[in-house]
Structures are given as structure tokens and as C-alpha cells.
file upload.cif (mmCIF, C-alpha atoms)
data_run
#
loop_
_atom_site.label_atom_id
_atom_site.label_comp_id
_atom_site.auth_asym_id
_atom_site.auth_seq_id
_atom_site.Cartn_x
_atom_site.Cartn_y
_atom_site.Cartn_z
CA MET A 264 194.62 22.40 83.50
CA ALA A 265 195.00 18.72 84.38
CA GLU A 266 191.80 16.64 84.55
CA GLU A 267 192.43 15.93 88.24
CA GLN A 268 192.75 19.65 88.98
CA VAL A 269 189.55 20.40 87.03
CA GLU A 270 187.71 17.77 89.10
CA ILE A 271 188.98 19.16 92.40
CA THR A 272 188.13 22.72 91.33
CA LEU A 273 184.60 21.61 90.38
CA LEU A 274 184.11 19.82 93.69
CA GLU A 275 185.35 22.83 95.62
CA THR A 276 182.98 25.07 93.64
CA LEU A 277 180.02 22.79 94.42
CA ASP A 278 181.06 22.61 98.06
CA HIS A 279 180.93 26.41 98.29
CA LEU A 280 177.62 26.55 96.41
CA LEU A 281 175.95 24.05 98.73
CA ASP A 282 177.54 24.99 102.02
CA ARG A 283 178.33 28.72 101.95
CA GLY A 284 176.48 31.99 101.73
CA VAL A 285 173.56 33.58 103.47
CA VAL A 286 170.45 31.57 104.30
CA ILE A 287 167.34 33.66 103.73
CA ALA A 288 164.14 33.71 105.79
CA GLY A 289 164.83 30.51 107.66
CA GLU A 290 165.21 28.38 104.55
CA ALA A 291 167.42 25.43 105.42
CA THR A 292 169.03 23.79 102.43
CA ILE A 293 169.71 20.68 104.44
CA SER A 294 165.97 20.07 104.74
CA ILE A 295 165.49 19.84 101.01
CA GLY A 296 165.52 16.12 100.39
CA ASP A 297 167.03 15.91 96.95
CA VAL A 298 169.78 18.40 97.70
CA ASP A 299 170.58 16.61 100.94
CA LEU A 300 170.93 13.32 99.09
CA LEU A 301 173.07 14.97 96.46
CA TYR A 302 175.24 16.56 99.13
CA LEU A 303 175.76 13.23 100.86
CA GLY A 304 176.91 11.87 97.52
CA LEU A 305 179.21 14.82 97.07
CA ASN A 306 180.69 14.25 100.52
CA ILE A 307 181.65 10.75 99.49
CA VAL A 308 183.46 12.12 96.45
CA LEU A 309 185.12 14.84 98.52
CA ALA A 310 186.25 12.25 101.05
CA ASN A 311 187.89 10.40 98.18
CA VAL A 312 189.62 13.59 97.08
CA ASP A 313 190.80 14.15 100.66
CA ALA A 314 192.20 10.63 100.71
CA MET A 315 193.88 11.19 97.38
CA ILE A 316 195.49 14.40 98.62
CA ARG A 317 196.60 12.76 101.86
CA THR A 318 198.31 9.93 100.03
CA GLY A 319 200.37 12.52 98.20
CA LYS A 320 199.14 11.96 94.67
CA ARG A 321 198.71 15.66 94.32
CA MET B 27 158.07 29.06 87.20
CA LYS B 28 160.47 29.69 90.07
CA THR B 29 163.86 31.37 90.32
CA VAL B 30 166.78 29.62 91.99
CA ILE B 31 168.57 32.50 93.66
CA VAL B 32 172.33 32.84 93.21
CA GLY B 33 173.24 36.08 94.96
CA VAL B 34 172.39 39.54 96.28
CA HIS B 35 173.73 42.48 94.28
CA LEU B 36 174.02 46.21 94.83
CA GLN B 37 173.14 47.28 91.29
CA ARG B 38 171.13 45.81 88.44
CA GLU B 39 174.16 46.32 86.16
CA ASP B 40 176.13 43.93 88.38
CA ILE B 41 173.97 41.13 86.96
CA GLY B 42 173.49 42.41 83.40
CA THR B 43 172.26 39.61 81.16
CA LEU B 44 174.15 36.85 82.94
CA ALA B 45 171.12 35.82 85.03
CA GLU B 46 167.51 36.60 85.84
CA VAL B 47 167.13 39.82 87.84
CA VAL B 48 164.66 39.95 90.74
CA PRO B 49 164.39 43.36 92.47
CA ALA B 50 164.09 43.02 96.24
CA SER B 51 164.00 45.79 98.85
CA GLY B 52 166.22 48.17 96.88
CA LEU B 53 168.73 45.45 96.01
CA PHE B 54 168.80 42.92 93.17
CA LEU B 55 168.76 39.14 93.35
CA SER B 56 170.35 37.12 90.57
CA GLY B 57 168.88 33.77 89.72
CA VAL B 58 168.18 30.98 87.27
CA LEU B 59 164.60 30.58 86.12
CA VAL B 60 163.35 26.97 86.12
CA GLY B 61 160.07 25.12 85.85
CA GLU B 62 157.95 24.70 88.96
CA GLU B 63 158.57 20.95 89.00
CA GLN B 64 162.33 21.21 88.45
CA PRO B 65 164.16 19.20 91.17
CA LEU B 66 166.85 21.29 92.86
CA GLY B 67 169.14 18.29 93.13
CA ASP B 68 169.44 17.98 89.36
CA ARG B 69 173.12 17.84 88.44
CA ALA B 70 172.76 19.93 85.27
CA LEU B 71 170.95 22.68 87.19
CA LEU B 72 173.56 22.65 89.93
CA LEU B 73 176.39 23.02 87.42
CA ARG B 74 174.50 25.77 85.61
CA VAL B 75 174.04 27.72 88.84
CA ALA B 76 177.72 27.21 89.69
CA GLU B 77 178.74 28.59 86.31
CA VAL B 78 176.44 31.61 86.62
CA ARG B 79 177.80 32.27 90.11
CA SER B 80 181.36 32.26 88.80
CA ARG B 81 180.59 34.57 85.86
CA LEU B 82 178.72 37.00 88.10
CA LEU B 83 181.75 37.32 90.35
CA ASP B 84 183.89 38.27 87.36
CA ARG B 85 181.51 41.20 86.91
CA ALA B 86 181.15 42.52 90.47
CA THR B 87 181.27 41.41 94.09
CA PHE B 88 178.01 40.08 95.52
CA ILE B 89 176.68 38.21 98.55
CA ALA B 90 176.33 34.51 97.86
CA VAL B 91 173.00 32.89 98.72
CA ARG B 92 173.21 29.27 99.76
CA TYR B 93 171.89 26.95 97.08
CA GLY B 94 168.29 25.92 97.51
CA PHE B 95 166.55 29.28 98.00
CA THR B 96 163.86 29.94 95.40
CA VAL B 97 161.35 32.75 94.86
CA ARG B 98 158.29 33.13 92.69
CA GLY B 99 158.36 36.79 91.72
CA PRO B 100 159.46 40.14 93.18
CA ASP B 101 156.76 40.29 95.86
CA GLU B 102 157.96 37.10 97.53
CA ALA B 103 161.59 38.22 97.13
CA ALA B 104 160.85 41.60 98.72
CA ALA B 105 159.02 40.02 101.64
CA LYS B 106 161.82 37.57 102.39
CA CYS B 107 164.65 40.07 101.98
CA ALA B 108 163.13 43.08 103.73
CA GLU B 109 164.71 42.48 107.14
CA PRO B 110 168.36 41.94 106.14
CA ALA B 111 168.32 44.33 103.15
CA ALA B 112 169.86 47.31 104.96
CA ALA B 113 172.69 45.21 106.38
CA TRP B 114 173.33 43.62 102.99
CA ARG B 115 173.47 47.03 101.32
CA ALA B 116 176.04 48.27 103.85
CA LEU B 117 178.07 45.07 103.41
CA LEU B 118 178.05 45.36 99.62
CA GLN B 119 179.07 48.99 99.75
CA ARG B 120 181.85 48.29 102.26
CA HIS B 121 183.30 45.35 100.33
CA ARG B 122 182.61 46.42 96.75
CA ASP B 123 186.18 45.65 95.73
CA ASP B 124 186.80 42.61 97.92
CA VAL B 125 186.49 38.87 97.26
CA GLU B 126 186.97 35.85 99.47
CA MET B 127 189.69 33.23 99.12
CA THR B 128 190.11 30.08 101.16
CA LEU B 129 193.01 27.86 102.09
CA LYS B 130 191.82 24.41 103.13
CA ALA B 131 194.41 22.15 104.74
CA ALA B 132 193.76 18.49 105.45
CA ALA B 133 193.76 17.75 109.17
CA ALA B 134 196.77 15.98 110.65
CA ALA B 135 194.30 13.55 112.30
CA PRO B 136 190.76 13.81 110.90
CA ALA B 137 187.95 13.48 113.42
CA ARG B 138 185.21 10.93 112.91
CA ARG B 139 182.21 12.73 111.47
CA PRO B 140 179.10 11.94 113.57
CA ASP B 141 176.49 9.78 111.85
CA ARG B 142 173.33 11.86 111.45
CA THR B 143 171.12 8.77 111.76
CA GLU B 144 172.40 8.11 115.29
CA PHE B 145 170.78 11.31 116.62
CA ALA B 146 167.12 11.81 117.36
CA ALA B 147 167.41 15.60 117.63
CA GLY B 148 169.07 17.91 115.11
CA ALA B 149 170.54 20.06 117.90
CA ASP B 150 172.33 17.04 119.40
CA TYR B 151 173.76 16.20 115.98
CA LEU B 152 175.02 19.77 115.46
CA ARG B 153 176.62 19.74 118.95
CA ALA B 154 178.39 16.47 118.16
CA LEU B 155 179.53 17.85 114.81
CA HIS B 156 180.93 20.94 116.51
CA ALA B 157 182.69 18.84 119.16
CA ALA B 158 184.28 16.63 116.51
CA ALA B 159 185.47 19.61 114.49
CA SER B 160 186.86 21.44 117.53
CA THR B 161 189.70 18.94 117.88
CA ILE B 162 190.96 19.43 114.34
CA ASP B 163 194.34 21.02 113.72
CA VAL B 164 197.18 21.07 111.25
CA ASP B 165 200.95 21.26 111.59
CA PRO B 166 201.46 24.37 113.81
CA SER B 167 204.42 25.55 111.74
CA PHE B 168 202.26 25.41 108.60
CA ARG B 169 199.51 27.33 110.33
CA SER B 170 201.97 30.03 111.43
CA ALA B 171 203.48 30.26 107.96
CA ALA B 172 200.03 30.49 106.36
CA GLU B 173 199.15 33.38 108.65
CA ARG B 174 202.51 35.06 108.03
CA GLU B 175 202.19 34.78 104.22
CA LEU B 176 198.47 35.35 103.70
CA VAL B 177 197.00 37.42 106.51
CA PRO B 178 198.96 40.61 105.64
CA LEU B 179 197.35 40.47 102.18
CA ALA B 180 193.84 40.26 103.59
CA THR B 181 191.43 42.83 104.95
CA ARG B 182 189.99 40.21 107.31
CA PHE B 183 190.66 36.56 108.06
CA ARG B 184 189.01 33.77 109.97
CA TRP B 185 189.95 30.16 110.78
CA LEU B 186 187.18 27.62 110.27
CA ARG B 187 187.24 24.05 111.54
CA GLU B 188 185.66 21.08 109.76
CA THR B 189 185.91 17.42 110.70
CA THR B 190 188.59 16.70 108.09
CA ALA B 191 190.18 20.05 107.44
CA LEU B 192 191.15 23.42 108.84
CA GLU B 193 190.29 26.34 106.64
CA LEU B 194 191.64 29.87 106.51
CA ALA B 195 189.04 32.20 105.00
CA LEU B 196 190.40 35.50 103.72
CA LEU B 197 188.70 38.68 102.60
CA VAL B 198 191.00 40.08 99.94
CA PRO B 199 190.98 43.19 97.73
CA ARG B 200 190.56 42.05 94.10
CA GLY B 201 193.90 43.61 93.25
CA ARG B 202 195.67 41.24 95.65
CA VAL B 203 194.28 37.93 94.36
CA GLU B 204 197.42 37.19 92.37
CA ASP B 205 199.58 38.05 95.39
CA VAL B 206 197.60 35.52 97.44
CA ASN B 207 198.11 32.87 94.76
CA ALA B 208 201.84 33.63 94.71
CA ALA B 209 201.95 33.32 98.51
CA GLY B 210 200.16 29.97 98.16
CA GLU B 211 202.86 28.77 95.77
CA ARG B 212 205.55 29.77 98.28
CA LEU B 213 203.72 27.78 100.96
CA ARG B 214 203.46 24.78 98.65
CA LYS B 215 207.22 24.81 98.10
CA ALA B 216 208.01 25.31 101.78
CA PHE B 217 205.54 22.66 103.02
CA ALA B 218 205.54 19.97 100.36
CA SER B 219 204.32 17.40 102.89
CA VAL B 220 201.22 19.39 103.94
CA PRO B 221 198.32 18.87 101.51
CA PHE B 222 196.23 21.99 101.04
CA LEU B 223 193.98 23.63 98.51
CA LEU B 224 194.02 27.40 97.95
CA SER B 225 190.89 28.41 96.06
CA GLY B 226 188.97 31.48 94.98
CA PRO B 227 188.07 34.15 94.32
CA TRP B 228 184.63 33.54 95.83
CA PRO B 229 181.77 35.96 96.46
CA LEU B 230 181.02 37.15 100.00
CA GLU B 231 180.23 33.89 101.81
CA VAL B 232 181.96 33.77 105.19
CA PHE B 233 182.24 37.48 105.92
CA THR B 234 178.56 38.21 105.60
CA HIS B 235 177.71 38.89 109.24
CA ASP B 236 178.87 41.62 111.58
CA ASP B 237 179.65 39.08 114.29
CA HIS B 238 182.35 37.63 112.04
CA GLU B 239 184.16 40.92 111.79
#
call {"tool": "encode", "arguments": {"input": "upload.cif", "output": "C-alpha cells"}}
result
Amino acid sequence: MAEEQVEITLLETLDHLLDRGVVIAGEATISIGDVDLLYLGLNIVLANVDAMIRTGKR
Amino acid sequence: MKTVIVGVHLQREDIGTLAEVVPASGLFLSGVLVGEEQPLGDRALLLRVAEVRSRLLDRATFIAVRYGFTVRGPDEAAAKCAEPAAAWRALLQRHRDDVEMTLKAAAAAPARRPDRTEFAAGADYLRALHAAASTIDVDPSFRSAAERELVPLATRFRWLRETTALELALLVPRGRVEDVNAAGERLRKAFASVPFLLSGPWPLEVFTHDDHE
């Protein structure tokens, strides 16, 4: 698998991990400071991947 | 010590030795045991949980728990899972042989994502986020073709809107995963100018509530 594809697959996996699935007993992931910061960072990377896809490099 | 929960499983054997097992209200939670002071935002931990999640799905279908939920022992797990346990059991029994797959297509014109710092109240921010996402769409012919190719292979489907993408979530029998991938390749050839990402299989993530069905 190409390095670019591995990176996109990893980002998609992390996106699902952080943003999908049941939330138990009122726990809100977004309120956990370190995860929130990490997720913001991840969004920046994902935005770059989006841009890369849009420009047709993939 | 605390356990970072990965998923909800019907049987203990569905977890095996791939993860910690925490019994809860007749079901079984899988998780990764970490020190009490372990930050959840640690990259190595996040990747470890992602890997465990993937390996668990190879073994059996489970309900994904959003990252960040931790428990300290079976008593806490049982207390927090008591209310939804019956619904989860029914869901796991109904979709024992199903997995989710998603097709995410970049929006033709991405909406501006609202800046969280510009809102004093969380509810206002969520409303603005919803309003921004509601305008998102992709090439209508692509959307029709995606439904024509993929929906017949799925037990259930649902379109989801984000601020930069439109996503088709599919609930698919495990035996049809390769058919979905083949349909994705046909779409890629037919719509070379539409960037999209077909991914999965995933555990039960989107189709976890009755109101989605």
C-alpha cells in the first residue's frame, strides 16, 4: 500500500475512533481537554488531506 | 489503573485475549488498561486503541464506544451500562453478521466551519455547525450512482452531512464487503473527477440507535 494511502487510512481510522460510536452515561469526549486539542490538530491534517484530494493528487 | 473502553460485545469470546474484558450488565466491554495518570490524548495510546479496535472487528461485530470513555472496574461499568444494556444486546444479536462501511465524498463547495471560539453557548455553536453542514452536497449524478451501486448491497443506509463532505453510511453483511469494494471501484472509474474515500469495515457506529433505522 502506498505511503499516502496508509496515511489517509490511518487518519480515517482515527476520525472514526474519535467521532463515532456510542457515548455512555453522558460522557462527552469533546470536553476532555487533551483529546479536544488532539482532535483539533487532527482536523488540520484532515483538512490538508481534503485539499490534497480536491486538487486531484489522488 | 483505568480501562479505556473500545467497544461493547455480546460474548466474552468475541474479545478473547485481544483486550481487557470488563463484564457489564450481561455484556462485555473491551478495553485497554492504562495507568491512572495516563493522558488520553497520548498519540501512542490512541494508535494502540485504534489497532485493538481493528483486530476486534476481525473477530466479531461489536458496538463502538467513542474514544474517551474510561472505567475503573466492573462495578462502575455495570452502573454506567445498565440502562442501555438491553438495547445493545438486541442490536448485537440483530446485526451479528453486519459491519459498517462509509463512502465520504468531498463537497462540491465546502461550507465554512463555524469557529467554536465565536460562540458563548455550546448549543449555539452546534446549531451553527448543523446549519453550515445542511448546505453541503455533491454532484447529483454521483450521488444517484452511489445509491444505485451501493444501497442494494446494504441492509440499511444513511446519508450524513459534514461541513466539507457528504457521507453515505452503509450497514453491510460481512459477506458483501468485497462486493461493496468492487462497486466502489466501478464508481471511481465512472466518476474520476469526484474525489471520494470508501472505507471500512467498521464496527457498529452510525446504526446504533433505533431512531436511525
call {"tool": "residues_around", "arguments": {"input": "upload.cif", "residues": "Val47 of chain B", "least_positions_apart": "5", "cutoff": "10 Å", "atoms": "all atoms listed in the file", "output": "compact mmCIF listing (two decimals) with C-alpha atoms, in the coordinates of the input"}}
result
# COMPACT_ATOMS: atom_id res chain seq x y z
CA THR B 29 163.86 31.37 90.32
CA ILE B 31 168.57 32.50 93.66
CA VAL B 34 172.39 39.54 96.28
CA HIS B 35 173.73 42.48 94.28
CA ARG B 38 171.13 45.81 88.44
CA GLU B 39 174.16 46.32 86.16
CA ASP B 40 176.13 43.93 88.38
CA ILE B 41 173.97 41.13 86.96
CA GLY B 42 173.49 42.41 83.40
CA PHE B 54 168.80 42.92 93.17
CA LEU B 55 168.76 39.14 93.35
CA SER B 56 170.35 37.12 90.57
CA GLY B 57 168.88 33.77 89.72
CA VAL B 58 168.18 30.98 87.27
CA LEU B 59 164.60 30.58 86.12
CA PRO B 100 159.46 40.14 93.18
call {"tool": "closest_atom_pairs", "arguments": {"input": "upload.cif", "of": "chain B", "to": "chain A", "cutoff": "10 Å", "atoms": "only C-alpha atoms", "output": "Markdown table"}}
result
| residue | atom | partner | partner_atom | distance |
| --- | --- | --- | --- | --- |
| B:Val32 | CA | A:Leu280 | CA | 8.8 |
| B:Gly33 | CA | A:Gly284 | CA | 8.5 |
| B:Val34 | CA | A:Val285 | CA | 9.4 |
| B:Pro65 | CA | A:Asp297 | CA | 7.2 |
| B:Leu66 | CA | A:Val298 | CA | 6.4 |
| B:Gly67 | CA | A:Val298 | CA | 4.6 |
| B:Asp68 | CA | A:Asp297 | CA | 8.2 |
| B:Arg69 | CA | A:Leu301 | CA | 8.5 |
| B:Leu72 | CA | A:Leu277 | CA | 7.9 |
| B:Leu73 | CA | A:Leu277 | CA | 7.9 |
| B:Val75 | CA | A:Leu280 | CA | 8.5 |
| B:Ala76 | CA | A:Leu280 | CA | 6.8 |
| B:Glu77 | CA | A:Thr276 | CA | 9.2 |
| B:Arg79 | CA | A:Leu280 | CA | 8.5 |
| B:Ser80 | CA | A:Thr276 | CA | 8.8 |
| B:Ile89 | CA | A:Gly284 | CA | 7.0 |
| B:Ala90 | CA | A:Gly284 | CA | 4.6 |
| B:Val91 | CA | A:Gly284 | CA | 4.7 |
| B:Arg92 | CA | A:Gly284 | CA | 4.7 |
| B:Tyr93 | CA | A:Leu281 | CA | 5.3 |
| B:Gly94 | CA | A:Thr292 | CA | 5.4 |
| B:Phe95 | CA | A:Glu290 | CA | 6.7 |
| B:Thr96 | CA | A:Glu290 | CA | 9.4 |
| B:Ala103 | CA | A:Ile287 | CA | 9.9 |
| B:Ala105 | CA | A:Ala288 | CA | 9.1 |
| B:Lys106 | CA | A:Ala288 | CA | 5.6 |
| B:Cys107 | CA | A:Ile287 | CA | 7.2 |
| B:Ala108 | CA | A:Ala288 | CA | 9.6 |
| B:Glu109 | CA | A:Ala288 | CA | 8.9 |
| B:Pro110 | CA | A:Ile287 | CA | 8.7 |
| B:Ala131 | CA | A:Asp313 | CA | 9.7 |
| B:Ala132 | CA | A:Asp313 | CA | 7.1 |
| B:Ala133 | CA | A:Arg317 | CA | 9.3 |
| B:Ala134 | CA | A:Arg317 | CA | 9.4 |
| B:Thr190 | CA | A:Asp313 | CA | 8.2 |
| B:Ala191 | CA | A:Asp313 | CA | 9.0 |
| B:Ala218 | CA | A:Gly319 | CA | 9.3 |
| B:Ser219 | CA | A:Gly319 | CA | 7.8 |
| B:Val220 | CA | A:Arg317 | CA | 8.3 |
| B:Pro221 | CA | A:Ile316 | CA | 6.0 |
| B:Phe222 | CA | A:Ile316 | CA | 8.0 |
| B:Leu223 | CA | A:Ile271 | CA | 9.1 |
| B:Ser225 | CA | A:Glu275 | CA | 7.9 |
| B:Gly226 | CA | A:Thr276 | CA | 8.9 |
| B:Trp228 | CA | A:His279 | CA | 8.4 |
| B:Pro229 | CA | A:Gly284 | CA | 8.5 |
| B:Leu230 | CA | A:Gly284 | CA | 7.1 |
| B:Glu231 | CA | A:Gly284 | CA | 4.2 |
| B:Val232 | CA | A:Gly284 | CA | 6.7 |
| B:Phe233 | CA | A:Gly284 | CA | 9.0 |
| B:Thr234 | CA | A:Val285 | CA | 7.1 |
| B:His235 | CA | A:Val285 | CA | 8.9 |
call {"tool": "residues_near_point", "arguments": {"input": "upload.cif", "point": "(187.2, 33.3, 104.7)", "cutoff": "10 Å", "atoms": "all atoms listed in the file", "output": "list of chain:residue names"}}
result
B:Val125, B:Glu126, B:Met127, B:Thr128, B:Leu129, B:Ala180, B:Arg182, B:Phe183, B:Arg184, B:Trp185, B:Leu186, B:Glu193, B:Leu194, B:Ala195, B:Leu196, B:Leu197, B:Val198, B:Trp228, B:Leu230, B:Glu231, B:Val232, B:Phe233, B:Thr234, B:His238
call {"tool": "resolve_selection", "arguments": {"input": "upload.cif", "expression": "the PyMOL selection byres ((chain B and resi 168) around 10)", "output": "number ranges by chain"}}
result
B: 131, 164-167, 169-174, 213, 216-217, 220
call {"tool": "write_last_selection", "arguments": {"input": "upload.cif", "atoms": "C-alpha atoms", "output": "short mmCIF file (atom, residue, chain, number, x, y, z; two decimals), in the frame of the given file"}}
result
data_model
loop_
_atom_site.label_atom_id
_atom_site.label_comp_id
_atom_site.auth_asym_id
_atom_site.auth_seq_id
_atom_site.Cartn_x
_atom_site.Cartn_y
_atom_site.Cartn_z
CA ALA B 131 194.41 22.15 104.74
CA VAL B 164 197.18 21.07 111.25
CA ASP B 165 200.95 21.26 111.59
CA PRO B 166 201.46 24.37 113.81
CA SER B 167 204.42 25.55 111.74
CA ARG B 169 199.51 27.33 110.33
CA SER B 170 201.97 30.03 111.43
CA ALA B 171 203.48 30.26 107.96
CA ALA B 172 200.03 30.49 106.36
CA GLU B 173 199.15 33.38 108.65
CA ARG B 174 202.51 35.06 108.03
CA LEU B 213 203.72 27.78 100.96
CA ALA B 216 208.01 25.31 101.78
CA PHE B 217 205.54 22.66 103.02
CA VAL B 220 201.22 19.39 103.94
#
call {"tool": "atom_distance", "arguments": {"input": "upload.cif", "atom1": "atom CA of Pro199 of chain B", "atom2": "atom CA of Thr181 of chain B"}}
result
7.2 Å
call {"tool": "atom_distance", "arguments": {"input": "upload.cif", "atom1": "atom CA of Asp205 of chain B", "atom2": "atom CA of Ala116 of chain B"}}
result
27.0 Å
call {"tool": "closest_residue", "arguments": {"input": "upload.cif", "among": "B:Arg142, B:His121, B:Arg202, B:Lys130", "to": "Leu224 of chain B", "atoms": "only C-alpha atoms"}}
result
B:Lys130
call {"tool": "atom_distance", "arguments": {"input": "upload.cif", "atom1": "atom CA of Val203 of chain B", "atom2": "atom CA of Leu179 of chain B"}}
result
8.8 Å
call {"tool": "resolve_selection", "arguments": {"input": "upload.cif", "expression": "the PyMOL selection byres ((chain B and resi 28) around 8)", "output": "list in words"}}
result
Met27, Thr29, Val30, Leu59, Val60, Gly61, Glu62, Thr96, Val97, Arg98 and Gly99 of chain B
call {"tool": "resolve_selection", "arguments": {"input": "upload.cif", "expression": "the PyMOL selection byres ((chain B and resi 86) around 8)", "output": "PDB file with C-alpha atoms, keeping the file's coordinate frame"}}
result
ATOM      1  CA  ASP B  40     176.130  43.930  88.380  1.00  0.00           C
ATOM      2  CA  LEU B  82     178.720  37.000  88.100  1.00  0.00           C
ATOM      3  CA  LEU B  83     181.750  37.320  90.350  1.00  0.00           C
ATOM      4  CA  ASP B  84     183.890  38.270  87.360  1.00  0.00           C
ATOM      5  CA  ARG B  85     181.510  41.200  86.910  1.00  0.00           C
ATOM      6  CA  THR B  87     181.270  41.410  94.090  1.00  0.00           C
ATOM      7  CA  PHE B  88     178.010  40.080  95.520  1.00  0.00           C
ATOM      8  CA  ARG B 122     182.610  46.420  96.750  1.00  0.00           C
ATOM      9  CA  ASP B 123     186.180  45.650  95.730  1.00  0.00           C
TER      10      ASP B 123
END
